[in-house]
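Enquirer: Data file data-v9.csv (CSV, N, CA and C atoms) is appended below.
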```
chain,number,residue,atom,x,y,z
A,30,MET,N,16.4,3.6,15.5
A,30,MET,CA,15.1,3.5,14.9
A,30,MET,C,14.1,2.9,15.9
A,31,ASP,N,13.0,3.5,16.1
A,31,ASP,CA,12.0,3.0,17.1
A,31,ASP,C,11.3,1.8,16.6
A,32,THR,N,10.6,1.1,17.5
A,32,THR,CA,10.0,-0.2,17.2
A,32,THR,C,8.9,0.0,16.2
A,33,ARG,N,8.1,1.1,16.3
A,33,ARG,CA,7.0,1.3,15.4
A,33,ARG,C,7.5,1.5,13.9
A,34,VAL,N,8.6,2.2,13.8
A,34,VAL,CA,9.2,2.4,12.4
A,34,VAL,C,9.7,1.1,11.9
A,35,GLN,N,10.3,0.3,12.7
A,35,GLN,CA,10.8,-1.0,12.3
A,35,GLN,C,9.6,-1.9,11.8
A,36,VAL,N,8.5,-1.9,12.6
A,36,VAL,CA,7.3,-2.7,12.2
A,36,VAL,C,6.8,-2.2,10.9
A,37,ASP,N,6.7,-0.9,10.8
A,37,ASP,CA,6.1,-0.3,9.5
A,37,ASP,C,7.0,-0.6,8.3
A,38,GLU,N,8.3,-0.6,8.5
A,38,GLU,CA,9.3,-1.0,7.4
A,38,GLU,C,9.1,-2.4,7.0
A,39,ARG,N,8.9,-3.3,8.0
A,39,ARG,CA,8.7,-4.7,7.7
A,39,ARG,C,7.4,-4.9,6.9
A,40,GLU,N,6.3,-4.2,7.3
A,40,GLU,CA,5.1,-4.3,6.6
A,40,GLU,C,5.1,-3.7,5.2
A,41,LEU,N,5.8,-2.7,5.1
A,41,LEU,CA,6.0,-2.1,3.8
A,41,LEU,C,6.7,-3.1,2.8
A,42,GLY,N,7.7,-3.7,3.4
A,42,GLY,CA,8.5,-4.8,2.6
A,42,GLY,C,7.5,-5.9,2.2
A,43,ARG,N,6.7,-6.3,3.1
A,43,ARG,CA,5.7,-7.4,2.8
A,43,ARG,C,4.7,-7.0,1.7
A,44,LEU,N,4.2,-5.8,1.9
A,44,LEU,CA,3.3,-5.3,0.9
A,44,LEU,C,3.9,-5.2,-0.5
A,45,ARG,N,5.1,-4.7,-0.6
A,45,ARG,CA,5.8,-4.6,-1.9
A,45,ARG,C,6.1,-6.0,-2.4
A,46,ALA,N,6.4,-7.0,-1.6
A,46,ALA,CA,6.7,-8.3,-2.1
A,46,ALA,C,5.4,-9.0,-2.6
A,47,ASP,N,4.3,-8.7,-1.9
A,47,ASP,CA,3.0,-9.4,-2.2
A,47,ASP,C,2.3,-8.8,-3.4
A,48,PHE,N,2.6,-7.5,-3.6
A,48,PHE,CA,1.8,-6.8,-4.7
A,48,PHE,C,2.8,-6.1,-5.6
A,49,GLY,N,3.5,-6.9,-6.4
A,49,GLY,CA,4.5,-6.4,-7.3
A,49,GLY,C,4.0,-5.5,-8.4
A,50,GLY,N,2.8,-5.4,-8.7
A,50,GLY,CA,2.3,-4.6,-9.8
A,50,GLY,C,2.0,-3.1,-9.3
A,51,TRP,N,2.3,-2.9,-8.1
A,51,TRP,CA,2.1,-1.6,-7.5
A,51,TRP,C,3.4,-1.0,-6.9
A,52,ARG,N,3.5,0.3,-6.9
A,52,ARG,CA,4.6,1.0,-6.2
A,52,ARG,C,3.9,1.5,-4.9
A,53,ILE,N,4.5,1.0,-3.8
A,53,ILE,CA,3.9,1.2,-2.5
A,53,ILE,C,4.9,2.0,-1.6
A,54,TRP,N,4.3,3.0,-0.9
A,54,TRP,CA,5.2,3.8,0.0
A,54,TRP,C,4.3,4.4,1.1
A,55,ARG,N,5.0,5.1,2.0
A,55,ARG,CA,4.3,5.9,3.0
A,55,ARG,C,4.4,7.4,2.6
A,56,ALA,N,3.2,8.0,2.7
A,56,ALA,CA,3.2,9.5,2.4
A,56,ALA,C,3.9,10.2,3.7
A,57,VAL,N,4.4,11.3,3.4
A,57,VAL,CA,5.0,12.1,4.5
A,57,VAL,C,4.2,13.4,4.7
A,58,LYS,N,3.7,13.6,5.9
A,58,LYS,CA,2.9,14.8,6.2
A,58,LYS,C,3.8,16.1,6.2
A,59,GLN,N,3.2,17.2,6.2
A,59,GLN,CA,3.9,18.5,6.2
A,59,GLN,C,4.9,18.6,7.4
A,60,ASP,N,4.5,18.0,8.5
A,60,ASP,CA,5.4,18.2,9.7
A,60,ASP,C,6.5,17.1,9.7
A,61,GLY,N,6.6,16.3,8.7
A,61,GLY,CA,7.6,15.3,8.6
A,61,GLY,C,7.2,13.9,9.1
A,62,ARG,N,6.1,13.8,9.8
A,62,ARG,CA,5.6,12.5,10.3
A,62,ARG,C,5.1,11.7,9.1
A,63,LEU,N,5.1,10.3,9.3
A,63,LEU,CA,4.6,9.4,8.3
A,63,LEU,C,3.1,9.5,8.2
A,64,GLY,N,2.5,9.5,7.0
A,64,GLY,CA,1.1,9.6,6.9
A,64,GLY,C,0.5,8.3,6.3
A,65,GLU,N,-0.4,8.5,5.3
A,65,GLU,CA,-1.1,7.4,4.6
A,65,GLU,C,-0.2,6.4,4.0
A,66,TRP,N,-0.7,5.2,3.9
A,66,TRP,CA,-0.1,4.1,3.1
A,66,TRP,C,-0.6,4.3,1.7
A,67,VAL,N,0.3,4.4,0.7
A,67,VAL,CA,-0.1,4.7,-0.6
A,67,VAL,C,0.4,3.6,-1.6
A,68,ALA,N,-0.5,3.3,-2.6
A,68,ALA,CA,-0.1,2.4,-3.7
A,68,ALA,C,-0.5,3.0,-5.0
A,69,SER,N,0.5,3.0,-6.0
A,69,SER,CA,0.2,3.5,-7.3
A,69,SER,C,0.3,2.3,-8.3
A,70,LEU,N,-0.7,2.2,-9.1
A,70,LEU,CA,-0.7,1.1,-10.0
A,70,LEU,C,0.3,1.2,-11.1
A,71,HIS,N,1.1,0.2,-11.4
A,71,HIS,CA,2.1,0.2,-12.4
A,71,HIS,C,1.9,-0.9,-13.4
A,72,ASP,N,1.1,-1.9,-13.1
A,72,ASP,CA,0.7,-3.0,-14.0
A,72,ASP,C,-0.8,-3.1,-14.0
A,73,PRO,N,-1.4,-2.8,-15.2
A,73,PRO,CA,-2.9,-2.9,-15.3
A,73,PRO,C,-3.5,-4.3,-15.0
A,74,LYS,N,-2.6,-5.3,-15.0
A,74,LYS,CA,-3.1,-6.6,-14.6
A,74,LYS,C,-3.3,-6.8,-13.1
A,75,ALA,N,-2.7,-5.8,-12.3
A,75,ALA,CA,-2.8,-5.9,-10.9
A,75,ALA,C,-3.9,-5.2,-10.2
A,76,GLY,N,-4.6,-4.4,-11.0
A,76,GLY,CA,-5.7,-3.6,-10.4
A,76,GLY,C,-6.4,-2.7,-11.4
A,77,VAL,N,-7.3,-1.9,-10.9
A,77,VAL,CA,-8.0,-1.0,-11.8
A,77,VAL,C,-7.9,0.5,-11.4
A,78,GLU,N,-7.8,0.8,-10.2
A,78,GLU,CA,-7.7,2.1,-9.7
A,78,GLU,C,-6.2,2.6,-9.8
A,79,PRO,N,-6.0,3.8,-10.2
A,79,PRO,CA,-4.6,4.3,-10.4
A,79,PRO,C,-3.9,4.5,-9.1
A,80,THR,N,-4.6,4.9,-8.0
A,80,THR,CA,-3.9,5.2,-6.7
A,80,THR,C,-4.8,4.8,-5.6
A,81,LEU,N,-4.3,4.2,-4.6
A,81,LEU,CA,-5.0,3.9,-3.3
A,81,LEU,C,-4.3,4.5,-2.2
A,82,MET,N,-5.1,5.1,-1.2
A,82,MET,CA,-4.5,5.7,0.0
A,82,MET,C,-5.3,5.2,1.2
A,83,PHE,N,-4.7,4.7,2.2
A,83,PHE,CA,-5.4,4.3,3.4
A,83,PHE,C,-4.6,4.6,4.7
A,84,PRO,N,-5.2,4.8,5.8
A,84,PRO,CA,-4.5,5.1,7.0
A,84,PRO,C,-3.7,4.0,7.7
A,85,THR,N,-4.0,2.8,7.3
A,85,THR,CA,-3.2,1.6,7.9
A,85,THR,C,-2.8,0.7,6.8
A,86,ALA,N,-1.7,-0.1,7.1
A,86,ALA,CA,-1.2,-1.1,6.1
A,86,ALA,C,-2.3,-2.2,5.9
A,87,ALA,N,-3.0,-2.5,7.0
A,87,ALA,CA,-4.0,-3.6,6.9
A,87,ALA,C,-5.1,-3.2,5.9
A,88,LEU,N,-5.6,-1.9,6.0
A,88,LEU,CA,-6.6,-1.5,5.1
A,88,LEU,C,-6.1,-1.4,3.6
A,89,LEU,N,-4.8,-1.0,3.5
A,89,LEU,CA,-4.3,-1.0,2.1
A,89,LEU,C,-4.2,-2.4,1.6
A,90,ARG,N,-3.8,-3.3,2.4
A,90,ARG,CA,-3.7,-4.7,1.9
A,90,ARG,C,-5.0,-5.2,1.5
A,91,LYS,N,-6.1,-5.0,2.2
A,91,LYS,CA,-7.4,-5.4,1.8
A,91,LYS,C,-7.8,-4.8,0.5
A,92,ALA,N,-7.5,-3.5,0.3
A,92,ALA,CA,-7.9,-2.8,-0.9
A,92,ALA,C,-7.1,-3.4,-2.1
A,93,LEU,N,-5.8,-3.7,-1.9
A,93,LEU,CA,-5.0,-4.3,-2.9
A,93,LEU,C,-5.5,-5.7,-3.3
A,94,LEU,N,-6.0,-6.5,-2.4
A,94,LEU,CA,-6.6,-7.8,-2.7
A,94,LEU,C,-7.9,-7.6,-3.5
A,95,ARG,N,-8.7,-6.6,-3.1
A,95,ARG,CA,-9.9,-6.3,-3.9
A,95,ARG,C,-9.5,-5.9,-5.3
A,96,GLN,N,-8.5,-5.1,-5.4
A,96,GLN,CA,-8.1,-4.6,-6.7
A,96,GLN,C,-7.6,-5.8,-7.6
A,97,ALA,N,-6.9,-6.8,-7.0
A,97,ALA,CA,-6.5,-8.0,-7.8
A,97,ALA,C,-7.7,-8.7,-8.3
A,98,GLU,N,-8.8,-8.8,-7.4
A,98,GLU,CA,-10.0,-9.5,-7.8
A,98,GLU,C,-10.7,-8.8,-9.0
A,99,ARG,N,-10.8,-7.5,-8.9
A,99,ARG,CA,-11.4,-6.7,-9.9
A,99,ARG,C,-10.6,-6.8,-11.2
A,100,ALA,N,-9.3,-6.8,-11.1
A,100,ALA,CA,-8.5,-6.9,-12.4
A,100,ALA,C,-8.7,-8.2,-13.0
A,101,ARG,N,-8.8,-9.3,-12.2
A,101,ARG,CA,-9.0,-10.6,-12.8
A,101,ARG,C,-10.4,-10.7,-13.5
A,102,ALA,N,-11.4,-10.1,-12.8
A,102,ALA,CA,-12.8,-10.1,-13.4
A,102,ALA,C,-12.9,-9.3,-14.7
A,103,LYS,N,-12.0,-8.2,-14.7
A,103,LYS,CA,-12.0,-7.4,-15.9
A,103,LYS,C,-11.4,-8.1,-17.1
A,104,GLY,N,-10.5,-9.1,-16.8
A,104,GLY,CA,-9.9,-9.9,-17.8
A,104,GLY,C,-8.8,-9.3,-18.5
```
Output the file's structure as structure tokens, nothing else.

Expert:
Amino acid sequence: MDTRVQVDERELGRLRADFGGWRIWRAVKQDGRLGEWVASLHDPKAGVEPTLMFPTAALLRKALLRQAERARAKG
């Protein structure tokens, strides 16, 4: 396994650990390469949007944090 894949796997694990109300994975492109970072909402207390997709783990993390804030504000 190359270094990039190992780093991505670790970040995927961190995202899953930090955002338990979401199912988080990497999309796979038609050519078999990894694509977008994706999160599907499974606990309405964790967010408001049903699905999030971003090109990087960092952008997905920021969006998940915003979702948590919006869910708290919604009550």

Enquirer: List the residues sitting within 10 Å of (-5.2, -4.3, -10.1) in the file's frame, using only C-alpha atoms, as a short mmCIF file (atom, residue, chain, number, x, y, z; two decimals) with N, CA and C atoms, in the coordinates of the input.

Expert:
```cif
data_model
loop_
_atom_site.label_atom_id
_atom_site.label_comp_id
_atom_site.auth_asym_id
_atom_site.auth_seq_id
_atom_site.Cartn_x
_atom_site.Cartn_y
_atom_site.Cartn_z
N PHE A 48 2.60 -7.50 -3.60
CA PHE A 48 1.80 -6.80 -4.70
C PHE A 48 2.80 -6.10 -5.60
N GLY A 50 2.80 -5.40 -8.70
CA GLY A 50 2.30 -4.60 -9.80
C GLY A 50 2.00 -3.10 -9.30
N TRP A 51 2.30 -2.90 -8.10
CA TRP A 51 2.10 -1.60 -7.50
C TRP A 51 3.40 -1.00 -6.90
N SER A 69 0.50 3.00 -6.00
CA SER A 69 0.20 3.50 -7.30
C SER A 69 0.30 2.30 -8.30
N LEU A 70 -0.70 2.20 -9.10
CA LEU A 70 -0.70 1.10 -10.00
C LEU A 70 0.30 1.20 -11.10
N HIS A 71 1.10 0.20 -11.40
CA HIS A 71 2.10 0.20 -12.40
C HIS A 71 1.90 -0.90 -13.40
N ASP A 72 1.10 -1.90 -13.10
CA ASP A 72 0.70 -3.00 -14.00
C ASP A 72 -0.80 -3.10 -14.00
N PRO A 73 -1.40 -2.80 -15.20
CA PRO A 73 -2.90 -2.90 -15.30
C PRO A 73 -3.50 -4.30 -15.00
N LYS A 74 -2.60 -5.30 -15.00
CA LYS A 74 -3.10 -6.60 -14.60
C LYS A 74 -3.30 -6.80 -13.10
N ALA A 75 -2.70 -5.80 -12.30
CA ALA A 75 -2.80 -5.90 -10.90
C ALA A 75 -3.90 -5.20 -10.20
N GLY A 76 -4.60 -4.40 -11.00
CA GLY A 76 -5.70 -3.60 -10.40
C GLY A 76 -6.40 -2.70 -11.40
N VAL A 77 -7.30 -1.90 -10.90
CA VAL A 77 -8.00 -1.00 -11.80
C VAL A 77 -7.90 0.50 -11.40
N GLU A 78 -7.80 0.80 -10.20
CA GLU A 78 -7.70 2.10 -9.70
C GLU A 78 -6.20 2.60 -9.80
N PRO A 79 -6.00 3.80 -10.20
CA PRO A 79 -4.60 4.30 -10.40
C PRO A 79 -3.90 4.50 -9.10
N ALA A 92 -7.50 -3.50 0.30
CA ALA A 92 -7.90 -2.80 -0.90
C ALA A 92 -7.10 -3.40 -2.10
N LEU A 93 -5.80 -3.70 -1.90
CA LEU A 93 -5.00 -4.30 -2.90
C LEU A 93 -5.50 -5.70 -3.30
N LEU A 94 -6.00 -6.50 -2.40
CA LEU A 94 -6.60 -7.80 -2.70
C LEU A 94 -7.90 -7.60 -3.50
N ARG A 95 -8.70 -6.60 -3.10
CA ARG A 95 -9.90 -6.30 -3.90
C ARG A 95 -9.50 -5.90 -5.30
N GLN A 96 -8.50 -5.10 -5.40
CA GLN A 96 -8.10 -4.60 -6.70
C GLN A 96 -7.60 -5.80 -7.60
N ALA A 97 -6.90 -6.80 -7.00
CA ALA A 97 -6.50 -8.00 -7.80
C ALA A 97 -7.70 -8.70 -8.30
N GLU A 98 -8.80 -8.80 -7.40
CA GLU A 98 -10.00 -9.50 -7.80
C GLU A 98 -10.70 -8.80 -9.00
N ARG A 99 -10.80 -7.50 -8.90
CA ARG A 99 -11.40 -6.70 -9.90
C ARG A 99 -10.60 -6.80 -11.20
N ALA A 100 -9.30 -6.80 -11.10
CA ALA A 100 -8.50 -6.90 -12.40
C ALA A 100 -8.70 -8.20 -13.00
N ARG A 101 -8.80 -9.30 -12.20
CA ARG A 101 -9.00 -10.60 -12.80
C ARG A 101 -10.40 -10.70 -13.50
N LYS A 103 -12.00 -8.20 -14.70
CA LYS A 103 -12.00 -7.40 -15.90
C LYS A 103 -11.40 -8.10 -17.10
#
```

Enquirer: Could you pull out all residues of chain A with a DSSP call of strand (DSSP E) and give them as a list in words?

Expert: Trp51, Arg52, Ile53, Trp54, Arg55, Ala56, Val57, Leu63, Gly64, Glu65, Trp66, Val67, Ala68, Ser69, Leu70, Thr80, Leu81, Met82 and Phe83 of chain A

Enquirer: Would you compute the distance between atom N of Leu89 (chain A) and CA of Gly104 (chain A)? Give it in Å to one decimal.

Expert: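 These two atoms are separated by 23.6 Å.
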
Enquirer: So which residues of chain A fall under alpha helix (DSSP H) by DSSP, listed as a ChimeraX atom specification?

Expert: /A:32-47,86-103

Enquirer: Set the distance at 6 Å and use only N, CA and C atoms: which residues neighbour Ala56 (chain A) once local chain neighbours fewer than 5 positions away are removed? I'd like the list as a tab-separated table (two decimals) with N, CA and C atoms, in the coordinates of the input.

Expert:
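Output file selection.tsv is given in full below:
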```tsv
chain	number	residue	atom	x	y	z
A	62	ARG	N	6.10	13.80	9.80
A	62	ARG	CA	5.60	12.50	10.30
A	62	ARG	C	5.10	11.70	9.10
A	63	LEU	N	5.10	10.30	9.30
A	63	LEU	CA	4.60	9.40	8.30
A	63	LEU	C	3.10	9.50	8.20
A	64	GLY	N	2.50	9.50	7.00
A	64	GLY	CA	1.10	9.60	6.90
A	64	GLY	C	0.50	8.30	6.30
A	65	GLU	N	-0.40	8.50	5.30
A	65	GLU	CA	-1.10	7.40	4.60
A	65	GLU	C	-0.20	6.40	4.00
A	66	TRP	N	-0.70	5.20	3.90
A	66	TRP	CA	-0.10	4.10	3.10
A	66	TRP	C	-0.60	4.30	1.70
A	67	VAL	N	0.30	4.40	0.70
A	67	VAL	CA	-0.10	4.70	-0.60
A	67	VAL	C	0.40	3.60	-1.60
```

Enquirer: Which one of A:Arg90, A:Thr80, A:Ala102, A:Val57 sits closest to Arg43 (chain A) if you count only C-alpha atoms?

Expert: A:Arg90

Enquirer: Work out how far atom C of Ala68 (chain A) is from atom N of Ile53 (chain A), in Å to one decimal.

Expert: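 Interatomic distance, atom N of Ile53 (chain A) to atom C of Ala68 (chain A): 5.5 Å.
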
Enquirer: What is the CA of Arg33 (chain A) to CA of Lys91 (chain A) distance in Å?

Expert: 20.9 Å
